[in-house]
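Participant: data_28.txt is reproduced in full below (compact mmCIF, C-alpha atoms and all ligand atoms).
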# COMPACT_ATOMS: atom_id res chain seq x y z
CA MET A 9 137.91 -3.72 63.27
CA THR A 10 141.08 -1.86 62.38
CA ILE A 11 144.00 -1.58 64.78
CA LYS A 12 146.53 1.21 64.35
CA ILE A 13 150.05 -0.03 64.99
CA GLU A 14 152.15 2.79 66.45
CA LYS A 15 155.27 0.78 67.30
CA LYS A 16 157.69 -0.85 64.91
CA ILE A 17 156.90 -4.42 64.02
CA LYS A 18 159.84 -6.54 65.21
CA GLY A 19 158.49 -9.97 64.46
CA TYR A 20 155.32 -11.74 63.51
CA GLN A 21 153.73 -15.15 63.44
CA VAL A 22 150.85 -16.41 61.42
CA VAL A 23 148.03 -17.77 63.54
CA LYS A 24 147.26 -21.26 62.33
CA PRO A 25 143.85 -22.88 62.97
CA GLU A 26 145.36 -25.37 65.45
CA ASP A 27 146.94 -22.50 67.47
CA LYS A 28 143.53 -20.90 67.81
CA ALA A 29 142.10 -24.14 69.13
CA ALA A 30 144.95 -24.50 71.65
CA LEU A 31 144.47 -20.90 72.82
CA ALA A 32 140.76 -21.45 73.40
CA ALA A 33 141.45 -24.61 75.39
CA ALA A 34 144.27 -23.12 77.50
CA PRO A 35 142.33 -20.96 80.00
CA VAL A 36 140.01 -23.84 80.77
CA ALA A 37 142.92 -26.14 81.48
CA GLU A 38 144.50 -23.50 83.72
CA ALA A 39 141.35 -23.08 85.77
CA LYS A 40 141.15 -26.82 86.26
CA GLU A 41 144.70 -27.01 87.55
CA ALA A 42 144.31 -24.13 90.05
CA PRO A 43 144.17 -25.55 93.59
CA VAL A 44 140.70 -25.34 95.03
CA ALA A 45 140.84 -24.61 98.75
CA GLU A 46 137.83 -25.72 100.75
CA VAL A 47 137.96 -22.90 103.27
CA ILE A 48 135.10 -22.76 105.73
CA GLN A 49 134.32 -19.17 106.64
CA MET A 50 132.37 -17.99 109.65
CA HIS A 51 128.83 -16.89 108.82
CA GLU A 52 125.47 -16.82 110.56
CA SER A 53 124.19 -20.01 108.98
CA LEU A 54 127.26 -22.10 109.86
CA GLU A 55 125.76 -25.08 111.62
CA ARG A 56 126.74 -25.65 115.19
CA PRO A 57 128.50 -28.99 115.62
CA GLU A 58 127.13 -31.37 118.22
CA ALA A 59 130.07 -30.77 120.50
CA LEU A 60 132.33 -27.76 120.96
CA ILE A 61 135.49 -27.38 123.00
CA GLY A 62 135.77 -24.49 125.41
CA SER A 63 136.97 -23.04 128.68
CA THR A 64 135.22 -21.71 131.75
CA PHE A 65 136.64 -18.82 133.74
CA LYS A 66 135.60 -17.74 137.21
CA ILE A 67 135.22 -14.05 137.98
CA LYS A 68 135.03 -12.94 141.58
CA SER A 69 134.37 -9.28 141.98
CA PRO A 70 133.63 -7.21 145.08
CA LEU A 71 130.88 -5.57 143.00
CA PHE A 72 129.07 -8.92 142.77
CA GLU A 73 127.71 -11.03 145.56
CA HIS A 74 128.33 -14.32 143.78
CA ALA A 75 131.00 -15.46 141.38
CA LEU A 76 130.40 -15.28 137.63
CA TYR A 77 131.29 -18.25 135.48
CA VAL A 78 132.16 -17.33 131.92
CA THR A 79 132.18 -20.17 129.39
CA ILE A 80 133.56 -19.58 125.91
CA ASN A 81 133.15 -22.39 123.38
CA ASP A 82 135.24 -22.57 120.24
CA ILE A 83 134.70 -23.96 116.80
CA VAL A 84 137.61 -25.47 114.88
CA LEU A 85 137.42 -24.43 111.24
CA ASN A 86 139.12 -26.41 108.46
CA ALA A 87 140.40 -28.99 110.92
CA GLY A 88 143.46 -30.87 109.72
CA THR A 89 144.31 -28.42 106.93
CA ALA A 90 146.73 -25.54 106.60
CA TYR A 91 143.74 -23.25 107.20
CA GLU A 92 142.92 -24.78 110.57
CA GLN A 93 141.74 -22.11 112.94
CA ARG A 94 140.15 -22.16 116.37
CA ARG A 95 137.68 -19.36 116.93
CA PRO A 96 135.23 -18.50 119.68
CA PHE A 97 131.71 -19.50 118.69
CA GLU A 98 129.53 -18.77 121.72
CA ILE A 99 129.69 -17.40 125.24
CA PHE A 100 127.62 -18.14 128.32
CA ILE A 101 127.74 -16.44 131.69
CA ASN A 102 126.27 -18.14 134.73
CA SER A 103 125.81 -16.92 138.25
CA LYS A 104 123.69 -17.53 141.32
CA ASN A 105 123.14 -13.80 141.30
CA MET A 106 119.97 -13.07 139.33
CA ASP A 107 120.06 -9.29 139.82
CA HIS A 108 122.01 -8.81 136.63
CA PHE A 109 120.32 -11.49 134.58
CA GLN A 110 118.85 -9.12 131.99
CA TRP A 111 121.98 -7.42 130.77
CA ILE A 112 124.07 -10.57 131.07
CA VAL A 113 121.74 -12.46 128.74
CA ALA A 114 121.70 -9.51 126.32
CA LEU A 115 125.49 -9.22 126.40
CA THR A 116 126.13 -12.93 125.85
CA ARG A 117 123.65 -13.13 122.95
CA ILE A 118 125.21 -10.16 121.22
CA LEU A 119 128.75 -11.45 121.82
CA SER A 120 127.85 -14.88 120.45
CA ALA A 121 126.32 -13.24 117.37
CA VAL A 122 129.50 -11.21 116.83
CA PHE A 123 131.64 -14.38 117.18
CA ARG A 124 129.56 -16.20 114.56
CA LYS A 125 129.56 -13.30 112.15
CA GLY A 126 133.23 -13.93 111.41
CA GLY A 127 136.04 -11.56 110.54
CA ASP A 128 138.21 -9.98 113.19
CA VAL A 129 136.40 -10.33 116.52
CA THR A 130 139.30 -9.25 118.75
CA PHE A 131 138.01 -5.65 118.79
CA ILE A 132 135.33 -6.56 121.35
CA VAL A 133 138.07 -7.06 123.96
CA GLU A 134 139.03 -3.38 123.84
CA GLU A 135 135.38 -2.30 123.69
CA LEU A 136 134.49 -4.23 126.85
CA LYS A 137 137.68 -3.35 128.72
CA ALA A 138 136.93 0.35 128.21
CA VAL A 139 133.61 0.12 130.08
CA PHE A 140 133.81 1.68 133.52
CA ASP A 141 131.40 1.43 136.42
CA PRO A 142 130.38 4.89 137.73
CA ARG A 143 130.30 3.37 141.24
CA GLY A 144 134.03 2.67 140.90
CA GLY A 145 136.16 -0.27 139.90
CA TYR A 146 138.23 -2.68 141.96
CA PHE A 147 141.62 -4.31 142.15
CA LYS A 148 142.12 -7.92 141.27
CA SER A 149 144.82 -9.91 143.00
CA GLY A 150 148.00 -9.10 141.14
CA GLY A 151 147.29 -5.39 141.42
CA ILE A 152 145.40 -5.16 138.14
CA TYR A 153 142.71 -2.52 138.09
CA MET A 154 139.31 -3.48 136.71
CA PRO A 155 137.14 -0.46 135.95
CA SER A 156 133.96 -2.61 135.87
CA ILE A 157 132.60 -6.15 135.79
CA VAL A 158 132.07 -5.77 132.03
CA ALA A 159 135.75 -4.87 131.68
CA GLU A 160 136.64 -8.06 133.52
CA ILE A 161 134.48 -10.09 131.13
CA GLY A 162 136.50 -8.39 128.38
CA ALA A 163 139.74 -9.38 130.14
CA VAL A 164 138.53 -12.99 130.34
CA ILE A 165 137.72 -13.03 126.61
CA GLU A 166 141.16 -11.54 125.94
CA GLN A 167 142.81 -14.28 128.02
CA HIS A 168 140.84 -16.92 126.13
CA MET A 169 141.77 -15.42 122.75
CA LYS A 170 145.43 -15.45 123.83
CA ASN A 171 145.10 -19.10 124.87
CA ILE A 172 143.78 -20.12 121.45
CA GLY A 173 146.28 -17.98 119.56
CA LEU A 174 143.88 -15.36 118.24
CA ILE A 175 145.61 -12.54 120.11
CA HIS A 176 149.36 -12.37 120.55
CA ASP A 177 151.07 -10.48 123.32
CA PRO A 178 153.41 -7.84 122.00
CA GLU A 179 156.80 -9.48 122.39
CA MET A 180 159.07 -7.77 124.87
CA THR A 181 162.66 -7.89 123.77
CA ASP A 182 165.29 -9.46 126.02
CA ALA A 183 166.89 -6.04 126.42
CA GLN A 184 163.60 -4.58 127.66
CA ARG A 185 163.14 -7.44 130.13
CA ALA A 186 166.68 -7.05 131.40
CA LEU A 187 166.15 -3.31 131.85
CA ILE A 188 162.96 -3.85 133.88
CA ALA A 189 164.68 -6.49 136.06
CA GLU A 190 167.62 -4.16 136.61
CA LYS A 191 165.39 -1.23 137.59
CA ARG A 192 163.41 -3.47 139.89
CA ALA A 193 166.50 -4.76 141.67
CA ALA A 194 167.76 -1.21 142.16
CA TYR A 195 164.40 -0.10 143.53
CA GLU A 196 164.09 -3.03 145.91
CA GLN A 197 167.59 -2.44 147.23
CA ALA A 198 166.78 1.19 147.93
CA ALA A 199 163.45 0.23 149.51
CA GLN A 200 165.12 -2.35 151.74
CA LYS A 201 167.49 0.24 153.14
CA LYS A 202 164.50 2.44 153.93
CA THR A 203 162.57 -0.30 155.75
CA GLU A 204 165.62 -1.19 157.79
CA LEU A 205 165.63 2.36 159.08
CA SER A 206 161.90 2.45 159.79
CA PRO A 207 160.37 -1.02 159.72
CA THR A 208 156.89 0.25 160.65
CA ASP A 209 156.59 1.88 157.23
CA ALA A 210 156.45 -1.50 155.55
CA ASP A 211 153.17 -1.83 153.71
CA THR A 212 151.74 -5.34 153.67
CA ASN A 213 149.18 -5.17 150.87
CA ASP A 214 149.02 -7.93 148.30
CA SER A 215 150.47 -6.57 145.11
CA ALA A 216 151.67 -9.76 143.42
CA GLY A 217 155.35 -9.21 143.96
CA PHE A 218 155.42 -5.55 143.07
CA PRO A 219 156.84 -3.28 145.74
CA PRO A 220 154.34 -2.10 148.32
CA GLY A 221 153.32 1.47 147.65
CA ALA A 222 153.55 1.02 143.89
CA THR A 223 150.88 3.02 142.12
CA LEU A 224 148.67 2.28 139.15
CA CYS A 225 150.33 2.26 135.73
CA GLY A 226 148.10 3.92 133.15
CA LYS A 227 149.49 1.78 130.38
CA CYS A 228 149.00 -1.76 131.74
CA ASN A 229 146.50 -1.06 134.57
CA THR A 230 148.76 -2.75 137.12
CA LYS A 231 149.88 -1.42 140.48
CA ALA A 232 153.54 -1.48 139.54
CA LEU A 233 154.51 2.16 139.07
CA VAL A 234 157.36 3.28 141.31
CA LEU A 235 159.34 6.50 141.57
CA MET A 236 162.94 5.97 140.52
CA ASP A 237 165.48 8.77 140.16
CA GLY A 238 162.59 11.22 140.10
CA CYS A 239 160.85 9.35 137.33
CA GLN A 240 157.70 7.21 137.40
CA THR A 241 158.66 3.75 136.12
CA CYS A 242 156.43 0.69 135.67
CA LEU A 243 158.01 -2.57 136.87
CA ASN A 244 155.43 -4.61 134.95
CA CYS A 245 155.43 -3.28 131.40
CA GLY A 246 158.49 -1.03 131.47
CA TYR A 247 156.56 2.20 130.88
CA SER A 248 158.50 5.26 131.96
CA LYS A 249 157.27 8.83 132.14
CA CYS A 250 160.70 10.07 131.08
CA GLY A 251 160.94 7.86 127.99
ZN ZN B 1 152.76 -0.72 133.20
For this file, write the structure as structure tokens.
Facilitator:
Amino acid sequence: MTIKIEKKIKGYQVVKPEDKAALAAAPVAEAKEAPVAEVIQMHESLERPEALIGSTFKIKSPLFEHALYVTINDIVLNAGTAYEQRRPFEIFINSKNMDHFQWIVALTRILSAVFRKGGDVTFIVEELKAVFDPRGGYFKSGGIYMPSIVAEIGAVIEQHMKNIGLIHDPEMTDAQRALIAEKRAAYEQAAQKKTELSPTDADTNDSAGFPPGATLCGKCNTKALVLMDGCQTCLNCGYSKCG
């Protein structure tokens, strides 16, 4: 084989037989030295350990006669290494109410299969939370709107994923928190003056510390939206219609 040299030759070295031998041995030595990480990945045939750790959440919905108990069990991958990771492995939902048995079993089997498949499983939270019941949703204590029971199962999985560090809340900056607190104080002061004038107007619904009469925020689904200076402002997440 001939090689055409187009650049100027600036230096050269004669390849000796021992150099050739060293070159041939080098890549092998390199491969041996490379750190071999024993990373366990999620896949369908990953054997279930005898015992798994998990959490059980209780869901009480006006759409359901009995409470639902949602159990999510986790598997700890690569325990004790830098790759240690806790991931959901299976989900069970129990209830005295047998009316919904069919779809609950189907949902839990599919969710467990998705968990075991590996990769990013956090997307199912948004999928479930977007499900709405055509008969109408309901408010949980705390003023959070749940569009359906499936959405609440999604919210429970989200809470669990936050607990195990799979989902992180978007960090609110101190400045944002201070701004919300400031707006809230101003609103409450104004509201207090109003109730002093007409105490019968005072609404006594449970809204988890948000002013009575607050409406539903479209961003965080919480009854915390109040009108301030002619502008809808959320006292929970800081959303404001006027930017
Ligand atoms: Zn909000």
Participant: So how many Å separate atom CA of A:His51 and atom CA of A:Thr64, to one decimal?
Facilitator: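 Those two atoms sit 24.3 Å apart.
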Participant: Rounded to one decimal, what separation in Å do you get between atom CA of A:Asp177 and atom CA of A:Ala163?
Facilitator: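 Computing it gives 13.3 Å between the two atoms.
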Participant: Which value, in Å to one decimal, gives the distance between atom CA of A:Gly126 and atom CA of A:Met50?
Facilitator: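 Distance reported for this atom pair: 4.5 Å.
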Participant: Write out as a ChimeraX atom specification which residues come within 9 Å of A:Lys249 when counting all atoms listed in the file, dropping same-chain ones fewer than 2 positions away.
Facilitator: /A:239-242,247,251
Participant: Keeping only C-alpha atoms, write those residues as a JSON list (two decimals), in the coordinates of the input.
Facilitator:
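Printed below is selection_14.json as written:
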[["chain", "number", "residue", "atom", "x", "y", "z"],
["A", 239, "CYS", "CA", 160.85, 9.35, 137.33],
["A", 240, "GLN", "CA", 157.70, 7.21, 137.40],
["A", 241, "THR", "CA", 158.66, 3.75, 136.12],
["A", 242, "CYS", "CA", 156.43, 0.69, 135.67],
["A", 247, "TYR", "CA", 156.56, 2.20, 130.88],
["A", 251, "GLY", "CA", 160.94, 7.86, 127.99]]
Participant: Which is closer to A:Pro142 than all the others in A:Ile80, A:Ala193, A:Leu71, A:Leu85, using all atoms listed in the file?
Facilitator: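 Residue with the minimum atom-to-atom distance to A:Pro142: A:Leu71.
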Participant: So that I can check the surroundings of stretch 58-63 of chain A, please list as a list in words every protein, DNA and RNA residue that reaches within 12 Å of it, counting all atoms listed in the file and ignoring chain neighbours fewer than 5 positions away.
Facilitator: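 Listing them by chain and then by number gives Tyr77, Val78, Thr79, Ile80, Asn81, Asp82, Ile83, Val84, Leu85, Arg94, Arg95, Pro96, Phe97, Glu98, Ile99, Phe100, Ile101, Val164, Ile165, Gln167, His168, Met169, Asn171 and Ile172 of chain A.
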Participant: List all protein, DNA and RNA residues that have any atom at most 9 Å from ligand ZN 1 (chain B), counting all atoms listed in the file, and write the list as a PyMOL selection string.
Facilitator: chain A and resi 224-233+241-248
Participant: Could you turn the residues from that selection into a file that holds C-alpha atoms, as a short mmCIF file (atom, residue, chain, number, x, y, z; two decimals), keeping the file's coordinate frame?
Facilitator:
data_model
loop_
_atom_site.label_atom_id
_atom_site.label_comp_id
_atom_site.auth_asym_id
_atom_site.auth_seq_id
_atom_site.Cartn_x
_atom_site.Cartn_y
_atom_site.Cartn_z
CA LEU A 224 148.67 2.28 139.15
CA CYS A 225 150.33 2.26 135.73
CA GLY A 226 148.10 3.92 133.15
CA LYS A 227 149.49 1.78 130.38
CA CYS A 228 149.00 -1.76 131.74
CA ASN A 229 146.50 -1.06 134.57
CA THR A 230 148.76 -2.75 137.12
CA LYS A 231 149.88 -1.42 140.48
CA ALA A 232 153.54 -1.48 139.54
CA LEU A 233 154.51 2.16 139.07
CA THR A 241 158.66 3.75 136.12
CA CYS A 242 156.43 0.69 135.67
CA LEU A 243 158.01 -2.57 136.87
CA ASN A 244 155.43 -4.61 134.95
CA CYS A 245 155.43 -3.28 131.40
CA GLY A 246 158.49 -1.03 131.47
CA TYR A 247 156.56 2.20 130.88
CA SER A 248 158.50 5.26 131.96
#
Participant: May I have the residues at most 10 Å from (135.0, -9.0, 130.1) in the file's coordinates, counting all atoms listed in the file, as a PyMOL selection string?
Facilitator: chain A and resi 67+78+132-139+154+156-167
Participant: Which one of A:Lys18, A:Ala222, A:Gln110, A:Pro70 sits closest to A:Arg143 if you count only C-alpha atoms?
Facilitator: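 Among the listed residues, A:Pro70 lies closest to A:Arg143.
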